>>> print(open('coords_9.txt').read())   # compact mmCIF, C-alpha atoms
# COMPACT_ATOMS: atom_id res chain seq x y z
CA MET E 21 -24.60 3.20 -5.51
CA ASP E 22 -22.56 0.80 -3.36
CA THR E 23 -20.54 -1.89 -5.09
CA PRO E 24 -21.16 -5.53 -4.05
CA SER E 25 -17.85 -5.52 -2.11
CA THR E 26 -18.73 -2.32 -0.23
CA ARG E 27 -22.22 -3.56 0.51
CA SER E 28 -20.90 -6.93 1.73
CA LEU E 29 -18.50 -5.13 4.05
CA LYS E 30 -21.41 -3.15 5.52
CA LEU E 31 -23.41 -6.35 5.95
CA LEU E 32 -20.45 -7.97 7.68
CA ALA E 33 -20.15 -5.01 10.05
CA LEU E 34 -23.84 -5.26 10.97
CA LEU E 35 -23.62 -8.99 11.62
CA GLN E 36 -20.46 -8.50 13.68
CA SER E 37 -22.39 -6.33 16.11
CA GLY E 38 -24.08 -9.53 17.24
CA GLY E 39 -27.57 -10.90 17.62
CA GLN E 40 -30.13 -12.06 15.10
CA TRP E 41 -30.91 -9.74 12.20
CA GLY E 42 -34.14 -9.98 10.26
CA GLY E 43 -33.92 -9.96 6.48
CA ARG E 44 -36.20 -6.92 6.20
CA GLU E 45 -34.19 -5.13 8.90
CA LEU E 46 -30.92 -5.70 7.04
CA ALA E 47 -32.50 -4.63 3.76
CA ASP E 48 -33.62 -1.36 5.35
CA GLN E 49 -30.18 -0.75 6.84
CA LEU E 50 -28.42 -1.38 3.51
CA GLN E 51 -31.17 0.25 1.42
CA VAL E 52 -31.50 -2.81 -0.82
CA SER E 53 -34.00 -5.59 -1.38
CA GLU E 54 -34.19 -8.72 0.77
CA ARG E 55 -33.13 -10.69 -2.31
CA THR E 56 -29.92 -8.64 -2.46
CA VAL E 57 -29.33 -9.33 1.24
CA ARG E 58 -29.57 -13.08 0.51
CA ARG E 59 -27.05 -12.74 -2.32
CA ASP E 60 -24.63 -10.75 -0.17
CA ALA E 61 -24.92 -13.28 2.65
CA MET E 62 -24.12 -16.04 0.15
CA ARG E 63 -21.12 -14.04 -1.06
CA LEU E 64 -19.81 -13.82 2.51
CA ARG E 65 -20.23 -17.60 2.88
CA ASP E 66 -18.29 -18.15 -0.34
CA LEU E 67 -15.47 -16.10 1.16
CA GLY E 68 -15.42 -18.37 4.20
CA TYR E 69 -17.52 -16.45 6.74
CA ASP E 70 -19.91 -18.54 8.81
CA VAL E 71 -23.14 -16.59 8.18
CA ARG E 72 -26.10 -18.56 9.48
CA SER E 73 -29.65 -17.88 8.29
CA ARG E 74 -33.17 -19.09 8.95
CA PRO E 75 -35.20 -19.07 5.72
CA GLY E 76 -38.83 -18.24 5.25
CA PRO E 77 -41.04 -15.41 6.50
CA GLY E 78 -39.37 -13.67 9.39
CA GLY E 79 -36.05 -15.26 8.48
CA THR E 80 -32.96 -14.06 10.32
CA TYR E 81 -29.21 -13.83 9.79
CA ALA E 82 -26.38 -14.14 12.30
CA LEU E 83 -22.62 -14.54 12.35
CA ARG E 84 -21.26 -17.52 14.27
CA PRO E 85 -20.40 -16.27 17.78
CA GLY E 86 -16.72 -15.83 18.47
CA MET E 87 -15.68 -15.63 14.82
CA LYS E 88 -12.88 -13.12 14.28
CA ILE E 89 -13.47 -10.57 11.55
CA PRO E 90 -10.50 -9.32 9.51
CA PRO E 91 -10.36 -5.58 8.91
CA LEU E 92 -10.48 -5.95 5.11
CA LEU E 93 -12.87 -7.72 2.80
CA LEU E 94 -10.67 -9.22 0.09
CA THR E 95 -11.39 -11.37 -2.93
CA ALA E 96 -9.34 -14.45 -3.77
CA ASP E 97 -7.66 -12.60 -6.66
CA GLU E 98 -6.74 -9.69 -4.37
CA VAL E 99 -5.24 -12.11 -1.84
CA SER E 100 -3.19 -13.73 -4.63
CA THR E 101 -1.88 -10.33 -5.71
CA ILE E 102 -0.91 -9.28 -2.17
CA ILE E 103 0.80 -12.58 -1.33
CA THR E 104 2.75 -12.57 -4.60
CA SER E 105 3.88 -8.98 -4.02
CA LEU E 106 5.10 -9.85 -0.52
CA LEU E 107 6.95 -12.91 -1.86
CA VAL E 108 8.78 -10.65 -4.32
CA LEU E 109 9.87 -8.37 -1.47
CA GLU E 110 10.94 -11.39 0.59
CA ALA E 111 13.12 -12.66 -2.25
CA TRP E 112 14.62 -9.27 -3.02
CA SER E 113 15.35 -8.41 0.62
CA PRO E 114 16.15 -11.67 2.41
CA ASP E 115 17.60 -9.89 5.44
CA ASP E 116 14.51 -7.73 5.97
CA ALA E 117 11.82 -9.49 8.01
CA THR E 118 9.11 -6.90 7.32
CA ALA E 119 7.55 -8.68 4.33
CA VAL E 120 7.67 -12.05 6.10
CA THR E 121 5.91 -10.79 9.20
CA ALA E 122 3.36 -8.85 7.13
CA ARG E 123 2.45 -12.01 5.19
CA ALA E 124 2.15 -14.03 8.41
CA LYS E 125 -0.17 -11.43 9.97
CA LEU E 126 -2.32 -11.27 6.85
CA GLU E 127 -2.75 -15.04 6.78
CA GLN E 128 -3.81 -15.02 10.43
CA VAL E 129 -6.81 -12.76 9.83
CA LEU E 130 -8.08 -14.30 6.59
CA PRO E 131 -11.14 -16.54 6.64
CA ARG E 132 -10.60 -20.23 5.92
CA LYS E 133 -11.02 -20.26 2.13
CA LEU E 134 -8.89 -17.18 1.58
CA LYS E 135 -6.26 -18.55 3.96
CA GLN E 136 -6.14 -21.67 1.80
CA ARG E 137 -5.66 -19.52 -1.31
CA ALA E 138 -2.85 -17.58 0.38
CA ALA E 139 -1.10 -20.81 1.36
CA ALA E 140 -1.53 -22.20 -2.15
CA VAL E 141 -0.01 -19.09 -3.75
CA ALA E 142 2.94 -19.15 -1.35
CA LEU E 143 3.51 -22.86 -2.01
CA SER E 144 3.32 -22.61 -5.80
CA THR E 145 5.25 -19.36 -6.32
CA GLN E 146 9.02 -19.20 -6.71
CA VAL E 147 10.61 -15.79 -7.12
CA SER E 148 14.17 -15.58 -8.44
CA ARG E 149 16.35 -13.79 -5.93
CA GLU E 150 17.66 -10.49 -7.20
CA PRO E 151 20.35 -8.36 -5.56
CA PRO E 152 18.61 -7.09 -2.42
CA ALA E 153 17.18 -3.57 -2.51
CA SER E 154 18.15 -2.36 0.94
CA VAL E 155 15.70 0.19 2.29
CA ASP E 156 14.79 1.66 5.65
CA TRP E 157 11.00 1.32 5.78
CA ASN E 158 10.80 3.91 8.53
CA LEU E 159 12.52 6.35 6.16
CA VAL E 160 10.08 5.43 3.39
CA GLY E 161 7.19 6.11 5.76
CA THR E 162 8.65 9.46 6.83
CA ILE E 163 9.00 10.56 3.21
CA ALA E 164 5.49 9.36 2.39
CA ASP E 165 4.06 11.39 5.27
CA ALA E 166 6.03 14.46 4.14
CA VAL E 167 4.70 14.15 0.58
CA ALA E 168 1.14 13.78 1.84
CA THR E 169 1.36 16.81 4.14
CA SER E 170 3.55 19.01 1.87
CA SER E 171 6.26 19.06 4.52
CA ARG E 172 9.95 19.73 4.02
CA VAL E 173 12.67 17.24 4.92
CA THR E 174 16.30 17.73 5.89
CA PHE E 175 18.99 15.06 5.91
CA ASP E 176 22.69 14.39 5.56
CA TYR E 177 23.64 12.90 2.21
CA THR E 178 26.74 11.11 0.97
CA ASP E 179 27.15 11.16 -2.81
CA GLN E 180 28.85 8.58 -5.03
CA HIS E 181 32.25 10.25 -4.46
CA GLY E 182 31.95 10.07 -0.68
CA ARG E 183 31.23 13.78 -0.25
CA ARG E 184 28.81 14.65 2.56
CA SER E 185 26.32 17.51 2.47
CA HIS E 186 23.28 18.71 4.35
CA ARG E 187 20.13 18.98 2.22
CA THR E 188 16.76 20.64 2.68
CA ILE E 189 14.27 19.29 0.18
CA GLU E 190 10.62 19.08 -0.73
CA PRO E 191 10.04 15.40 -1.54
CA TYR E 192 8.08 14.43 -4.62
CA ARG E 193 8.24 10.63 -5.07
CA HIS E 194 10.37 7.66 -4.07
CA PHE E 195 10.74 4.72 -6.44
CA LEU E 196 12.52 1.42 -7.03
CA ARG E 197 14.86 1.28 -10.03
CA GLN E 198 17.41 -1.44 -10.84
CA GLN E 199 17.07 -2.87 -7.34
CA ARG E 200 17.76 0.44 -5.60
CA TRP E 201 15.41 2.90 -3.93
CA TYR E 202 15.61 6.56 -4.94
CA LEU E 203 13.98 9.82 -3.94
CA ILE E 204 13.05 12.62 -6.33
CA ALA E 205 12.87 15.97 -4.58
CA TYR E 206 13.25 19.69 -5.08
CA ASP E 207 16.50 20.85 -3.46
CA LEU E 208 15.86 24.27 -1.91
CA MET E 209 19.55 25.25 -1.67
CA ARG E 210 20.29 24.35 -5.29
CA GLU E 211 16.89 25.50 -6.54
CA ASP E 212 16.56 22.49 -8.78
CA TRP E 213 15.25 18.93 -8.90
CA ARG E 214 17.56 16.23 -7.61
CA ILE E 215 17.60 12.46 -7.22
CA PHE E 216 18.93 10.78 -4.06
CA ARG E 217 19.68 7.18 -3.21
CA LEU E 218 17.81 6.34 -0.02
CA ASP E 219 20.59 4.15 1.36
CA ARG E 220 22.83 7.26 1.38
CA VAL E 221 20.37 9.35 3.42
CA GLU E 222 21.00 9.85 7.17
CA GLU E 223 19.81 12.02 10.07
CA VAL E 224 16.36 12.74 8.66
CA ALA E 225 14.15 15.46 10.14
CA THR E 226 10.80 16.80 8.99
CA PHE E 227 9.53 20.38 9.00
CA PRO E 228 5.72 20.24 9.04
CA GLY E 229 3.86 22.00 6.25
CA PRO E 230 1.97 22.79 4.43
CA HIS E 231 4.50 24.38 2.13
CA ASP E 232 3.86 25.20 -1.49
CA PRO E 233 6.13 22.79 -3.40
CA PRO E 234 7.12 23.56 -7.01
CA ILE E 235 5.37 21.72 -9.80
CA PHE E 236 7.28 18.75 -11.16
CA PRO E 237 8.32 19.97 -14.65
CA TRP E 238 7.94 16.69 -16.52
CA HIS E 239 4.91 14.69 -17.62
CA SER E 240 6.11 11.65 -15.69
CA ILE E 241 9.06 10.33 -13.70
CA GLU E 242 9.92 8.03 -16.61
CA ASP E 243 10.30 11.05 -18.94
CA TRP E 244 12.58 12.74 -16.42
CA LEU E 245 14.77 9.66 -15.93
CA THR E 246 15.23 9.12 -19.68
CA SER E 247 16.22 12.78 -20.13
CA ASP E 248 19.46 12.27 -18.19
CA PHE E 249 17.74 13.17 -14.91
CA GLY E 250 16.47 16.49 -16.14
CA ALA E 251 19.71 17.71 -17.72
CA THR E 252 17.82 18.72 -20.87
CA TYR E 253 15.16 20.66 -18.96
CA GLU E 254 15.21 24.31 -19.92
CA HIS E 255 14.85 26.51 -16.79
>>> encode(input="coords_9.txt", output="structure tokens")
Amino acid sequence: MDTPSTRSLKLLALLQSGGQWGGRELADQLQVSERTVRRDAMRLRDLGYDVRSRPGPGGTYALRPGMKIPPLLLTADEVSTIITSLLVLEAWSPDDATAVTARAKLEQVLPRKLKQRAAAVALSTQVSREPPASVDWNLVGTIADAVATSSRVTFDYTDQHGRRSHRTIEPYRHFLRQQRWYLIAYDLMREDWRIFRLDRVEEVATFPGPHDPPIFPWHSIEDWLTSDFGATYEH
């Protein structure tokens, strides 16, 4: 059974196609009652969409012509969460414009009421600036794609002593810890799990999978980190 949010998104898509939609017609399309259609239309209005209706027998629904439809149907609480998260990234990485531009684009596509909520959250939220966590978002995306497709990754790495090496790895997860981004991966040359700081990674290349990566030997990343990065793991 569709959730109210999923059903409202389907209703919004139907109305976006244009024209007048009869209540019975919408009910048949959504496989719900006409009463449910009325409730979903009211929910869209509460979110700021200009859904116009003509009550009574043969009543119709339509979306105001020319209204732009954002690609996501978000609640006010979800908007608050997203805006706050972006504000944290803005504070932590003041020299990185990615979070700023993402927030600006999001606010542009929100309906009026949600745009007001986003502005209110941005106005009322102050995030203490921490030492910036420098990260190459293109690198993060490359690693994410490799994890999703079970691909291998090669790169040049400079360790804490300034020694350079060439690594071939099977990435597992990247994470933020103490204001630095790290990568956990299986190092094929060393035949063991390793942790890499992303700001020390250069010249990245991907070898498409799928490969069959080894199973991470710990219950969670937190367990591995508290075990001196796997030093107590018995091979």
>>> atom_distance(input="coords_9.txt", atom1="atom CA of E:Asp115", atom2="atom CA of E:Trp201")
16.0 Å
>>> atom_distance(input="coords_9.txt", atom1="atom CA of E:Phe236", atom2="atom CA of E:Gly161")
21.1 Å
>>> residues_around(input="coords_9.txt", residues="E:Gly43", least_positions_apart="3", cutoff="10 Å", atoms="only C-alpha atoms", output="ChimeraX atom specification")
/E:40,46-49,53-58,73-81
>>> write_last_selection(input="coords_9.txt", atoms="C-alpha atoms", output="CSV table (one decimal), keeping the file's coordinate frame")
chain,number,residue,atom,x,y,z
E,40,GLN,CA,-30.1,-12.1,15.1
E,46,LEU,CA,-30.9,-5.7,7.0
E,47,ALA,CA,-32.5,-4.6,3.8
E,48,ASP,CA,-33.6,-1.4,5.4
E,49,GLN,CA,-30.2,-0.8,6.8
E,53,SER,CA,-34.0,-5.6,-1.4
E,54,GLU,CA,-34.2,-8.7,0.8
E,55,ARG,CA,-33.1,-10.7,-2.3
E,56,THR,CA,-29.9,-8.6,-2.5
E,57,VAL,CA,-29.3,-9.3,1.2
E,58,ARG,CA,-29.6,-13.1,0.5
E,73,SER,CA,-29.6,-17.9,8.3
E,74,ARG,CA,-33.2,-19.1,9.0
E,75,PRO,CA,-35.2,-19.1,5.7
E,76,GLY,CA,-38.8,-18.2,5.2
E,77,PRO,CA,-41.0,-15.4,6.5
E,78,GLY,CA,-39.4,-13.7,9.4
E,79,GLY,CA,-36.0,-15.3,8.5
E,80,THR,CA,-33.0,-14.1,10.3
E,81,TYR,CA,-29.2,-13.8,9.8
>>> atom_distance(input="coords_9.txt", atom1="atom CA of E:Ala119", atom2="atom CA of E:Tyr192")
24.8 Å
>>> closest_residue(input="coords_9.txt", among="E:His239, E:Arg217, E:Arg27, E:Arg44", to="E:Leu196", atoms="only C-alpha atoms")
E:Arg217
